[in-house]
Amino acid sequence: MSALSDVVCPACRAALHVSAEVTVCGACGKAYPRVGGLLVLLPEAEAHVQLWRGQLGLLLERGQKTFDGLRDAAAAPDLLDSTRTRLLALGQAVRQQVTDVQAVLEPALGGAAAPGQGLPRGVVEYVGYLYRDWGWPSVGYDENAAALTSLAELLGERALGRVLVLGAGAGGLAYELHRRHGATQTIAVDVDPFLLVMAEQLVRGKTIPLTEASLKVLETSDVSRTWQLMASGGALGAEAFQCVFADGTSPPFAPGSFDSVVTPWFVDQVPRDLPAFAATVRRLLRTGGLWLNQGPLIYPEQVPFERRYSQDELFELAAAAGFERLSASRRSLRYLVSPLSGHGKIETVLSCLWRRGAAEKG
């Protein structure tokens, strides 16, 4: 098996022959470049790369403004010495975090561009996933362990085979599933450059320093910590594990390409049409293939109430799409509880395992 096979053009769905640099569709002529060695399989790939470069420029600009603001605030008269110390420490932490991100992302993107619109979600919302997956376990905060236990109980002795992970994020869960559950090849899909570029390098065995800065401090010494992110289980090669930029609701792969599809913290956050998404998962799987889902079923506010499906409704939708439910469980899990600040959440998480049936549905 090649490192990346059964790929189709995101624009016209014709078969794609993946090349080392830029992949060009022979049917429609669309070109798909690479970022940090990762194939960008998005319909307007070049536009996405330009957007990401602008987002990096915006991150650098905002980081400097934040640093300047905290430095100016620390220069105000009549502050406690300890307050001044905290503000200066936080400013340095923010600047170092931006520098750490820049060191990885700028070479991958070919440089920053003039500040663009909006920051990548990985920087703003989900940077904690990188610490959680690759940094916090070094001090005993292994949140993924409980999530993996739930999934292992569902899988039993079943092997994942060739597996597609949709919404892989920082990649830690996909990496551990690959190592522990008989995966022959894992394709990890996401659209966030910050998370996926780092995940790719970590899976290959690189160690990345990344500073965590926290506004929620009890002591000034808790303002920041630089984690040495690493894959403690060792490196995986490109034949075994691939990261790809792609739309998780319309993955660019041929029907029946996978033995397993994994959707971690995805179905409630990304697809706007869950029945259609369930049918998409079914098309990607071979007959008898496995769909492994995990998440809290907490939907964004803009999702209409009639589409905020409950557990029972999710089971019905999967059955209507041609899946047989094998097992399911619920468990309360820690969610991004930082060892630096001690703050985070508890989520009630649903884990489900389905098998794709042979009969056509819909």
# chains A, B, ... in the order shown; residues from 1 in each chain; ligands from 1
>>> select_by_dssp(residues="region 79-188 of chain A", states="strand (DSSP E)", output="tab-separated table (two decimals) with N, CA and C atoms, in the first residue's frame")
chain	number	residue	atom	x	y	z
A	161	GLY	N	-7.54	-1.88	11.65
A	161	GLY	CA	-7.13	-1.98	10.26
A	161	GLY	C	-6.74	-0.63	9.69
A	162	ARG	N	-7.18	-0.34	8.47
A	162	ARG	CA	-6.93	0.98	7.89
A	162	ARG	C	-8.00	1.94	8.42
A	163	VAL	N	-7.57	2.99	9.12
A	163	VAL	CA	-8.51	3.82	9.86
A	163	VAL	C	-8.40	5.28	9.44
A	164	LEU	N	-9.57	5.91	9.35
A	164	LEU	CA	-9.67	7.34	9.05
A	164	LEU	C	-10.18	8.05	10.30
A	165	VAL	N	-9.44	9.06	10.77
A	165	VAL	CA	-9.85	9.84	11.95
A	165	VAL	C	-10.27	11.22	11.47
A	166	LEU	N	-11.54	11.55	11.64
A	166	LEU	CA	-12.08	12.82	11.19
A	166	LEU	C	-12.12	13.82	12.35
A	183	ALA	N	-4.12	-0.98	14.19
A	183	ALA	CA	-4.26	-0.18	12.97
A	183	ALA	C	-3.10	-0.49	12.03
A	184	THR	N	-3.41	-0.74	10.77
A	184	THR	CA	-2.37	-0.95	9.77
A	184	THR	C	-1.93	0.38	9.15
A	185	GLN	N	-2.86	1.31	9.04
A	185	GLN	CA	-2.56	2.66	8.59
A	185	GLN	C	-3.61	3.60	9.14
A	186	THR	N	-3.18	4.77	9.60
A	186	THR	CA	-4.09	5.79	10.11
A	186	THR	C	-3.96	7.04	9.26
A	187	ILE	N	-5.11	7.57	8.80
A	187	ILE	CA	-5.17	8.85	8.10
A	187	ILE	C	-5.89	9.82	9.04
A	188	ALA	N	-5.17	10.83	9.51
A	188	ALA	CA	-5.72	11.81	10.46
A	188	ALA	C	-6.05	13.09	9.71
>>> closest_atom_pairs(of="region 164-218 of chain A", to="region 85-101 of chain A", cutoff="6 Å", atoms="only C-alpha atoms", output="JSON lines")
{"residue": "A:Leu210", "atom": "CA", "partner": "A:Asp100", "partner_atom": "CA", "distance": 5.6}
{"residue": "A:Thr211", "atom": "CA", "partner": "A:Gln97", "partner_atom": "CA", "distance": 4.8}
{"residue": "A:Ala213", "atom": "CA", "partner": "A:Ala93", "partner_atom": "CA", "distance": 5.6}
>>> closest_residue(among="A:Glu125, A:Asp6, A:Glu212, A:Glu106", to="Val197 (chain A)", atoms="only C-alpha atoms")
A:Glu106
>>> select_by_dssp(residues="region 70-271 of chain A", states="helix (DSSP H, G or I)", output="JSON, numbers by chain")
{"A": [70, 71, 72, 73, 74, 81, 82, 83, 84, 85, 86, 87, 88, 89, 90, 91, 92, 93, 94, 95, 96, 97, 98, 99, 100, 101, 102, 103, 104, 105, 106, 107, 108, 109, 121, 122, 123, 124, 127, 128, 129, 130, 131, 132, 133, 134, 136, 137, 138, 139, 143, 144, 145, 146, 147, 148, 149, 150, 151, 152, 153, 154, 155, 172, 173, 174, 175, 176, 177, 178, 179, 180, 193, 194, 195, 196, 197, 198, 199, 200, 201, 202, 203, 220, 221, 222]}
>>> closest_residue(among="A:Pro193, A:Pro252, A:Val139, A:His181", to="Glu153 (chain A)", atoms="only C-alpha atoms")
A:His181
>>> residues_around(residues="region 300-312 of chain A", least_positions_apart="2", cutoff="12 Å", atoms="only C-alpha atoms", output="JSON, numbers by chain")
{"A": [266, 267, 268, 269, 270, 271, 272, 273, 274, 275, 293, 294, 295, 296, 297, 298, 314, 315, 316, 317, 318, 319, 325, 328, 329, 330, 348, 349, 350, 351, 352]}
>>> closest_residue(among="A:Glu61, A:Asp142, A:Glu239, A:Asp259", to="Arg158 (chain A)", atoms="only C-alpha atoms")
A:Asp259
>>> residues_around(residues="Lys30 (chain A)", least_positions_apart="4", cutoff="9 Å", atoms="only C-alpha atoms", output="MDAnalysis selection string")
chainID A and resid 9 11:12 23:26 43:45
>>> write_last_selection(atoms="N, CA, C and O atoms", output="compact mmCIF listing (two decimals), in the first residue's frame")
# COMPACT_ATOMS: atom_id res chain seq x y z
N CYS A 9 -10.28 13.69 -5.90
CA CYS A 9 -10.24 15.15 -5.97
C CYS A 9 -11.40 15.74 -5.18
O CYS A 9 -12.56 15.37 -5.41
N ALA A 11 -12.76 18.50 -5.53
CA ALA A 11 -13.63 19.31 -6.38
C ALA A 11 -14.51 18.47 -7.29
O ALA A 11 -15.71 18.70 -7.40
N CYS A 12 -13.92 17.44 -7.95
CA CYS A 12 -14.69 16.69 -8.94
C CYS A 12 -14.83 15.21 -8.61
O CYS A 12 -15.52 14.48 -9.34
N THR A 23 0.02 18.07 -6.06
CA THR A 23 -0.81 17.05 -6.71
C THR A 23 -1.83 17.75 -7.60
O THR A 23 -2.54 18.65 -7.14
N VAL A 24 -1.91 17.35 -8.85
CA VAL A 24 -2.82 17.98 -9.81
C VAL A 24 -3.83 16.95 -10.29
O VAL A 24 -3.47 15.83 -10.66
N CYS A 25 -5.11 17.33 -10.28
CA CYS A 25 -6.17 16.44 -10.75
C CYS A 25 -6.13 16.37 -12.28
O CYS A 25 -6.22 17.40 -12.97
N GLY A 26 -6.05 15.16 -12.80
CA GLY A 26 -6.02 14.98 -14.24
C GLY A 26 -7.35 15.25 -14.90
O GLY A 26 -7.41 15.50 -16.11
N PRO A 43 -11.06 22.07 -1.47
CA PRO A 43 -11.47 22.49 -2.81
C PRO A 43 -10.73 23.71 -3.34
O PRO A 43 -10.41 23.79 -4.52
N GLU A 44 -10.47 24.70 -2.47
CA GLU A 44 -9.71 25.89 -2.86
C GLU A 44 -8.43 25.90 -2.04
O GLU A 44 -8.22 26.73 -1.16
N ALA A 45 -7.55 24.97 -2.35
CA ALA A 45 -6.39 24.72 -1.51
C ALA A 45 -5.47 25.93 -1.40
O ALA A 45 -5.03 26.30 -0.31
>>> closest_residue(among="A:Gly233, A:Gly182, A:Gly135, A:Gly36", to="Ile208 (chain A)", atoms="only C-alpha atoms")
A:Gly135
>>> closest_residue(among="A:Pro120, A:Gly171, A:Gly256, A:Gly322", to="Gln242 (chain A)", atoms="only C-alpha atoms")
A:Gly171
>>> residues_around(residues="Tyr141 (chain A)", least_positions_apart="5", cutoff="9 Å", atoms="only C-alpha atoms", output="PDB file with N, CA and C atoms, in the first residue's frame")
ATOM      1  N   ARG A 132      -2.473  18.879  26.285  1.00  0.00           N
ATOM      2  CA  ARG A 132      -3.105  17.686  26.855  1.00  0.00           C
ATOM      3  C   ARG A 132      -2.571  16.408  26.221  1.00  0.00           C
ATOM      4  N   GLY A 135       1.975  17.004  26.177  1.00  0.00           N
ATOM      5  CA  GLY A 135       2.766  17.638  27.230  1.00  0.00           C
ATOM      6  C   GLY A 135       2.375  17.247  28.639  1.00  0.00           C
ATOM      7  N   TRP A 136       1.097  17.388  28.966  1.00  0.00           N
ATOM      8  CA  TRP A 136       0.631  17.131  30.331  1.00  0.00           C
ATOM      9  C   TRP A 136       0.883  15.702  30.823  1.00  0.00           C
ATOM     10  N   VAL A 337      -8.352  19.928  31.841  1.00  0.00           N
ATOM     11  CA  VAL A 337      -8.027  20.363  33.209  1.00  0.00           C
ATOM     12  C   VAL A 337      -6.512  20.536  33.272  1.00  0.00           C
ATOM     13  N   SER A 338      -6.076  21.776  33.212  1.00  0.00           N
ATOM     14  CA  SER A 338      -4.650  22.061  33.110  1.00  0.00           C
ATOM     15  C   SER A 338      -3.930  21.832  34.437  1.00  0.00           C
ATOM     16  N   PRO A 339      -2.800  21.133  34.429  1.00  0.00           N
ATOM     17  CA  PRO A 339      -2.005  21.017  35.647  1.00  0.00           C
ATOM     18  C   PRO A 339      -1.363  22.338  36.038  1.00  0.00           C
TER      19      PRO A 339
END
>>> closest_residue(among="A:Leu202, A:Met230, A:Leu333, A:Ala320", to="Leu148 (chain A)", atoms="only C-alpha atoms")
A:Leu333
>>> residues_around(residues="Gly169 (chain A)", least_positions_apart="4", cutoff="8 Å", atoms="only C-alpha atoms", output="ChimeraX atom specification")
/A:129,189-190,192,195-196
>>> residues_around(residues="region 57-59 of chain A", least_positions_apart="5", cutoff="10 Å", atoms="only C-alpha atoms", output="list in words")
Leu51, Trp52, Gln64, Lys65, Val98, Val101, Gln102, Glu106, Gly111, Ala112, Ala113, Ala114, Pro115, Gly116, Gln117, Gly118, Leu119, Pro120, Val123 and Val124 of chain A
>>> atom_distance(atom1="CA of Val8 (chain A)", atom2="CA of Gly29 (chain A)")
12.7 Å
